[in-house]
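Here's start.pdb, which has PDB, C-alpha atoms, pLDDT in the B column:
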ATOM      1  CA  MET A   1     -87.008 -61.531-261.161  1.00 81.00           C
ATOM      2  CA  GLN A   2     -84.973 -64.686-260.520  1.00 88.00           C
ATOM      3  CA  PHE A   3     -83.712 -67.038-263.187  1.00 88.00           C
ATOM      4  CA  GLN A   4     -82.482 -70.573-262.737  1.00 88.00           C
ATOM      5  CA  VAL A   5     -78.863 -70.940-263.885  1.00 88.00           C
ATOM      6  CA  PRO A   6     -78.106 -74.296-265.524  1.00 84.00           C
ATOM      7  CA  GLN A   7     -75.384 -76.325-263.841  1.00 85.00           C
ATOM      8  CA  PHE A   8     -73.642 -79.527-264.954  1.00 80.00           C
ATOM      9  CA  LEU A   9     -73.393 -78.441-268.585  1.00 79.00           C
ATOM     10  CA  ASP A  10     -70.672 -80.994-269.312  1.00 77.00           C
ATOM     11  CA  VAL A  11     -72.840 -84.004-268.343  1.00 80.00           C
ATOM     12  CA  GLU A  12     -74.498 -85.719-271.300  1.00 82.00           C
ATOM     13  CA  ASP A  13     -78.070 -86.942-271.140  1.00 83.00           C
ATOM     14  CA  LYS A  14     -78.719 -90.661-270.649  1.00 88.00           C
ATOM     15  CA  ILE A  15     -80.877 -91.559-273.634  1.00 87.00           C
ATOM     16  CA  VAL A  16     -80.792 -95.371-273.847  1.00 86.00           C
ATOM     17  CA  GLY A  17     -80.949 -96.834-270.360  1.00 87.00           C
ATOM     18  CA  PRO A  18     -77.753 -96.020-268.448  1.00 91.00           C
ATOM     19  CA  PHE A  19     -75.893 -95.055-271.665  1.00 92.00           C
ATOM     20  CA  THR A  20     -75.613 -91.803-273.557  1.00 92.00           C
ATOM     21  CA  LEU A  21     -76.318 -91.826-277.273  1.00 92.00           C
ATOM     22  CA  LYS A  22     -72.610 -91.894-278.164  1.00 92.00           C
ATOM     23  CA  GLN A  23     -71.904 -94.759-275.772  1.00 94.00           C
ATOM     24  CA  PHE A  24     -74.841 -96.714-277.142  1.00 95.00           C
ATOM     25  CA  LEU A  25     -73.746 -96.206-280.753  1.00 95.00           C
ATOM     26  CA  TYR A  26     -70.137 -97.201-279.957  1.00 96.00           C
ATOM     27  CA  LEU A  27     -71.308-100.368-278.214  1.00 96.00           C
ATOM     28  CA  ILE A  28     -73.812-101.342-280.923  1.00 97.00           C
ATOM     29  CA  GLY A  29     -71.276-100.622-283.685  1.00 97.00           C
ATOM     30  CA  SER A  30     -68.526-102.638-282.037  1.00 97.00           C
ATOM     31  CA  ALA A  31     -70.901-105.531-281.309  1.00 97.00           C
ATOM     32  CA  GLY A  32     -72.028-105.507-284.947  1.00 97.00           C
ATOM     33  CA  MET A  33     -68.450-105.520-286.226  1.00 96.00           C
ATOM     34  CA  ALA A  34     -67.525-108.302-283.789  1.00 96.00           C
ATOM     35  CA  TYR A  35     -70.468-110.391-285.009  1.00 96.00           C
ATOM     36  CA  MET A  36     -69.532-109.778-288.658  1.00 95.00           C
ATOM     37  CA  SER A  37     -65.919-110.780-288.063  1.00 95.00           C
ATOM     38  CA  TRP A  38     -66.983-113.892-286.094  1.00 92.00           C
ATOM     39  CA  ARG A  39     -69.526-114.893-288.729  1.00 92.00           C
ATOM     40  CA  PHE A  40     -67.623-114.266-291.973  1.00 92.00           C
ATOM     41  CA  MET A  41     -63.942-114.811-291.067  1.00 90.00           C
ATOM     42  CA  TRP A  42     -61.990-117.926-290.358  1.00 88.00           C
ATOM     43  CA  ALA A  43     -62.675-119.092-286.783  1.00 80.00           C
ATOM     44  CA  GLY A  44     -59.370-118.177-285.044  1.00 89.00           C
ATOM     45  CA  ILE A  45     -58.840-114.815-286.731  1.00 93.00           C
ATOM     46  CA  GLY A  46     -62.557-113.944-286.574  1.00 93.00           C
ATOM     47  CA  HIS A  47     -62.594-114.423-282.805  1.00 93.00           C
ATOM     48  CA  LEU A  48     -59.476-112.238-282.360  1.00 95.00           C
ATOM     49  CA  PHE A  49     -60.886-109.484-284.535  1.00 95.00           C
ATOM     50  CA  GLY A  50     -64.220-109.743-282.713  1.00 95.00           C
ATOM     51  CA  LEU A  51     -62.519-109.312-279.328  1.00 96.00           C
ATOM     52  CA  ALA A  52     -60.515-106.384-280.696  1.00 96.00           C
ATOM     53  CA  PHE A  53     -63.699-104.689-281.940  1.00 97.00           C
ATOM     54  CA  LEU A  54     -65.417-105.247-278.577  1.00 97.00           C
ATOM     55  CA  ALA A  55     -62.407-103.874-276.686  1.00 97.00           C
ATOM     56  CA  LEU A  56     -62.266-100.792-278.925  1.00 96.00           C
ATOM     57  CA  GLY A  57     -66.009-100.180-278.547  1.00 97.00           C
ATOM     58  CA  SER A  58     -65.904-100.481-274.777  1.00 96.00           C
ATOM     59  CA  ALA A  59     -62.828 -98.214-274.594  1.00 96.00           C
ATOM     60  CA  LEU A  60     -64.569 -95.600-276.739  1.00 95.00           C
ATOM     61  CA  SER A  61     -67.645 -95.857-274.527  1.00 94.00           C
ATOM     62  CA  PHE A  62     -66.225 -95.959-271.014  1.00 94.00           C
ATOM     63  CA  TYR A  63     -62.479 -95.205-270.866  1.00 95.00           C
ATOM     64  CA  ARG A  64     -61.745 -91.500-270.152  1.00 92.00           C
ATOM     65  CA  PRO A  65     -58.012 -90.743-269.744  1.00 92.00           C
ATOM     66  CA  ASN A  66     -57.428 -87.322-268.145  1.00 90.00           C
ATOM     67  CA  LYS A  67     -61.210 -86.820-268.025  1.00 87.00           C
ATOM     68  CA  LYS A  68     -61.460 -86.636-271.821  1.00 91.00           C
ATOM     69  CA  PRO A  69     -63.124 -89.129-274.151  1.00 91.00           C
ATOM     70  CA  PHE A  70     -60.894 -91.842-275.618  1.00 95.00           C
ATOM     71  CA  VAL A  71     -61.801 -90.723-279.132  1.00 94.00           C
ATOM     72  CA  HIS A  72     -59.824 -87.493-278.508  1.00 94.00           C
ATOM     73  CA  MET A  73     -56.720 -89.563-277.754  1.00 94.00           C
ATOM     74  CA  ILE A  74     -57.158 -91.577-280.955  1.00 94.00           C
ATOM     75  CA  GLU A  75     -57.616 -88.366-282.945  1.00 95.00           C
ATOM     76  CA  ALA A  76     -54.496 -86.801-281.404  1.00 92.00           C
ATOM     77  CA  GLY A  77     -52.445 -89.919-282.189  1.00 92.00           C
ATOM     78  CA  PHE A  78     -53.670 -89.951-285.786  1.00 93.00           C
ATOM     79  CA  LEU A  79     -52.868 -86.249-286.265  1.00 91.00           C
ATOM     80  CA  PHE A  80     -49.432 -86.733-284.703  1.00 90.00           C
ATOM     81  CA  TYR A  81     -48.475 -89.371-287.259  1.00 90.00           C
ATOM     82  CA  LYS A  82     -50.176 -87.580-290.161  1.00 91.00           C
ATOM     83  CA  ASN A  83     -48.692 -84.097-289.743  1.00 87.00           C
ATOM     84  CA  SER A  84     -45.098 -83.196-290.461  1.00 82.00           C
ATOM     85  CA  ARG A  85     -42.914 -82.104-287.594  1.00 77.00           C
ATOM     86  CA  PHE A  86     -40.918 -78.916-287.245  1.00 71.00           C
ATOM     87  CA  TYR A  87     -37.831 -79.238-285.071  1.00 68.00           C
ATOM     88  CA  ILE A  88     -36.708 -75.920-283.645  1.00 70.00           C
ATOM     89  CA  TRP A  89     -33.602 -77.237-281.925  1.00 68.00           C
ATOM     90  CA  ARG A  90     -31.774 -78.141-285.157  1.00 58.00           C
ATOM     91  CA  ARG A  91     -29.298 -75.459-286.143  1.00 64.00           C
ATOM     92  CA  SER A  92     -29.078 -74.164-289.655  1.00 64.00           C
ATOM     93  CA  SER A  93     -25.664 -73.314-291.003  1.00 66.00           C
ATOM     94  CA  LYS A  94     -25.053 -69.563-290.886  1.00 68.00           C
ATOM     95  CA  GLU A  95     -21.918 -67.791-291.918  1.00 69.00           C
ATOM     96  CA  LYS A  96     -20.525 -65.358-289.392  1.00 69.00           C
ATOM     97  CA  MET A  97     -20.093 -61.805-290.583  1.00 68.00           C
ATOM     98  CA  GLU A  98     -16.819 -60.081-289.920  1.00 71.00           C
ATOM     99  CA  THR A  99     -16.974 -57.056-287.658  1.00 72.00           C
ATOM    100  CA  HIS A 100     -14.446 -54.261-287.529  1.00 73.00           C
ATOM    101  CA  LEU A 101     -14.069 -52.222-284.339  1.00 70.00           C
ATOM    102  CA  ASP A 102     -12.453 -48.790-284.701  1.00 71.00           C
ATOM    103  CA  LEU A 103     -11.104 -47.820-281.261  1.00 71.00           C
ATOM    104  CA  GLY A 104      -9.845 -44.405-282.428  1.00 72.00           C
ATOM    105  CA  ASN A 105     -13.382 -43.072-282.917  1.00 73.00           C
ATOM    106  CA  PHE A 106     -14.272 -42.503-279.232  1.00 70.00           C
ATOM    107  CA  GLN A 107     -14.854 -38.996-277.893  1.00 72.00           C
ATOM    108  CA  PRO A 108     -14.567 -38.057-274.222  1.00 70.00           C
ATOM    109  CA  THR A 109     -17.763 -37.316-272.321  1.00 68.00           C
ATOM    110  CA  THR A 110     -18.181 -34.400-269.976  1.00 69.00           C
ATOM    111  CA  HIS A 111     -19.769 -34.637-266.531  1.00 64.00           C
ATOM    112  CA  THR A 112     -22.080 -31.749-265.695  1.00 66.00           C
ATOM    113  CA  GLY A 113     -22.179 -32.381-261.942  1.00 64.00           C
ATOM    114  CA  ALA A 114     -25.308 -33.508-260.155  1.00 63.00           C
ATOM    115  CA  LEU A 115     -27.898 -35.622-261.849  1.00 61.00           C
ATOM    116  CA  PRO A 116     -31.259 -33.983-262.483  1.00 60.00           C
ATOM    117  CA  ILE A 117     -33.966 -34.873-260.019  1.00 56.00           C
ATOM    118  CA  ALA A 118     -36.834 -36.620-261.784  1.00 57.00           C
ATOM    119  CA  SER A 119     -40.267 -36.306-260.314  1.00 52.00           C
ATOM    120  CA  SER A 120     -42.193 -39.562-260.218  1.00 54.00           C
ATOM    121  CA  GLY A 121     -45.454 -37.803-259.469  1.00 61.00           C
ATOM    122  CA  GLY A 122     -45.773 -39.666-256.170  1.00 67.00           C
ATOM    123  CA  GLY A 123     -45.500 -36.674-253.894  1.00 76.00           C
ATOM    124  CA  LYS A 124     -43.000 -34.997-251.599  1.00 82.00           C
ATOM    125  CA  LEU A 125     -41.907 -38.219-249.922  1.00 82.00           C
ATOM    126  CA  ASP A 126     -40.917 -39.814-253.231  1.00 79.00           C
ATOM    127  CA  ASP A 127     -39.048 -36.658-254.286  1.00 80.00           C
ATOM    128  CA  LEU A 128     -37.160 -36.576-250.985  1.00 82.00           C
ATOM    129  CA  SER A 129     -36.283 -40.269-251.277  1.00 82.00           C
ATOM    130  CA  TRP A 130     -35.002 -39.714-254.824  1.00 80.00           C
ATOM    131  CA  ALA A 131     -32.866 -36.777-253.734  1.00 81.00           C
ATOM    132  CA  ILE A 132     -31.350 -38.721-250.803  1.00 83.00           C
ATOM    133  CA  ASP A 133     -30.520 -41.641-253.101  1.00 80.00           C
ATOM    134  CA  LEU A 134     -28.758 -39.303-255.537  1.00 76.00           C
ATOM    135  CA  GLN A 135     -26.778 -37.567-252.805  1.00 75.00           C
ATOM    136  CA  SER A 136     -25.762 -40.824-251.137  1.00 72.00           C
ATOM    137  CA  SER A 137     -24.570 -42.246-254.452  1.00 70.00           C
ATOM    138  CA  ALA A 138     -22.500 -39.085-255.036  1.00 65.00           C
ATOM    139  CA  VAL A 139     -20.999 -39.390-251.522  1.00 62.00           C
ATOM    140  CA  GLU A 140     -20.243 -43.088-251.947  1.00 62.00           C
ATOM    141  CA  GLY A 141     -18.304 -42.356-255.111  1.00 60.00           C
ATOM    142  CA  GLY A 142     -15.778 -40.207-253.225  1.00 52.00           C
ATOM    143  CA  ASN A 143     -16.077 -41.526-249.691  1.00 50.00           C
ATOM    144  CA  ASN A 144     -16.546 -45.223-248.912  1.00 49.00           C
ATOM    145  CA  ARG A 145     -17.471 -44.742-245.245  1.00 49.00           C
ATOM    146  CA  PRO A 146     -21.081 -45.748-244.596  1.00 51.00           C
ATOM    147  CA  ASP A 147     -21.425 -43.741-241.381  1.00 51.00           C
ATOM    148  CA  THR A 148     -21.127 -40.345-243.129  1.00 50.00           C
ATOM    149  CA  LEU A 149     -23.927 -38.977-245.248  1.00 53.00           C
ATOM    150  CA  ALA A 150     -24.023 -35.562-246.867  1.00 53.00           C
ATOM    151  CA  VAL A 151     -27.428 -33.962-246.526  1.00 52.00           C
TER     152      VAL A 151
END
Output the file's structure in the form of structure tokens.
Amino acid sequence: MQFQVPQFLDVEDKIVGPFTLKQFLYLIGSAGMAYMSWRFMWAGIGHLFGLAFLALGSALSFYRPNKKPFVHMIEAGFLFYKNSRFYIWRRSSKEKMETHLDLGNFQPTTHTGALPIASSGGGKLDDLSWAIDLQSSAVEGGNNRPDTLAV
């Protein structure tokens, strides 16, 4: 049985002509506020406020910075100024504790000879490689010539 998988889930439906419902409401709201400011305010200031409302409404409707709605940018700006900031890079004053190093407390260590061969569980080739590495490091400690290798 075949099912049709929906695609384009991030595309909103065009409800009112070529506009989505949000775009239509932003445009109608900004036009209404522009009319109210033009009608009830003094002529010069009313026209400026009306243009500002129309610009805000058209930006909310059509402007998409970084493929996100403009309202997200306004919300982020508002939250940035509203919330307090926590600066990590400022140092707090801390007092240094004194340390005392007792050099007479060291005990000599004893060397038992060859290092134990650890099995990595990879097989005979890994075990052989591990053994050659251990032997070559033991040879290099006493003899610095690279052309000799104890096997």
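Excluding Phe70 in chain A itself and same-chain residues fewer than 6 positions from it, the residues having an atom within 9 Å of it are Ala59, Leu60, Ser61, Phe62, Tyr63 and Arg64 of chain A, counting all atoms listed in the file.
Of note, CA of Ser137 in chain A and CA of Lys124 in chain A are spaced 20.0 Å apart.
Closest approach to Val11 in chain A from the set A:Trp38, A:Leu56, A:Lys67, A:Gly32 is made by A:Lys67, with distances taken over only C-alpha atoms.
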Here CA of Ala52 in chain A and CA of Phe80 in chain A stand apart by 22.9 Å
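The interatomic distance for the pair CA of Gln135 in chain A and CA of Pro108 in chain A works out to 24.7 Å.
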Within 7 Å of range 44-50 of chain A, counting all atoms listed in the file, which residues show up once you throw out same-chain ones fewer than 6 positions away? Write them as a ChimeraX atom specification, please. /A:33-35,37-38
Please save C-alpha atoms of the selected residues as a PDB file, in the coordinates of the input.
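The resulting file, result-v8.pdb, is reproduced below:
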ATOM      1  CA  MET A  33     -68.450-105.520-286.226  1.00 96.00           C
ATOM      2  CA  ALA A  34     -67.525-108.302-283.789  1.00 96.00           C
ATOM      3  CA  TYR A  35     -70.468-110.391-285.009  1.00 96.00           C
ATOM      4  CA  SER A  37     -65.919-110.780-288.063  1.00 95.00           C
ATOM      5  CA  TRP A  38     -66.983-113.892-286.094  1.00 92.00           C
TER       6      TRP A  38
END
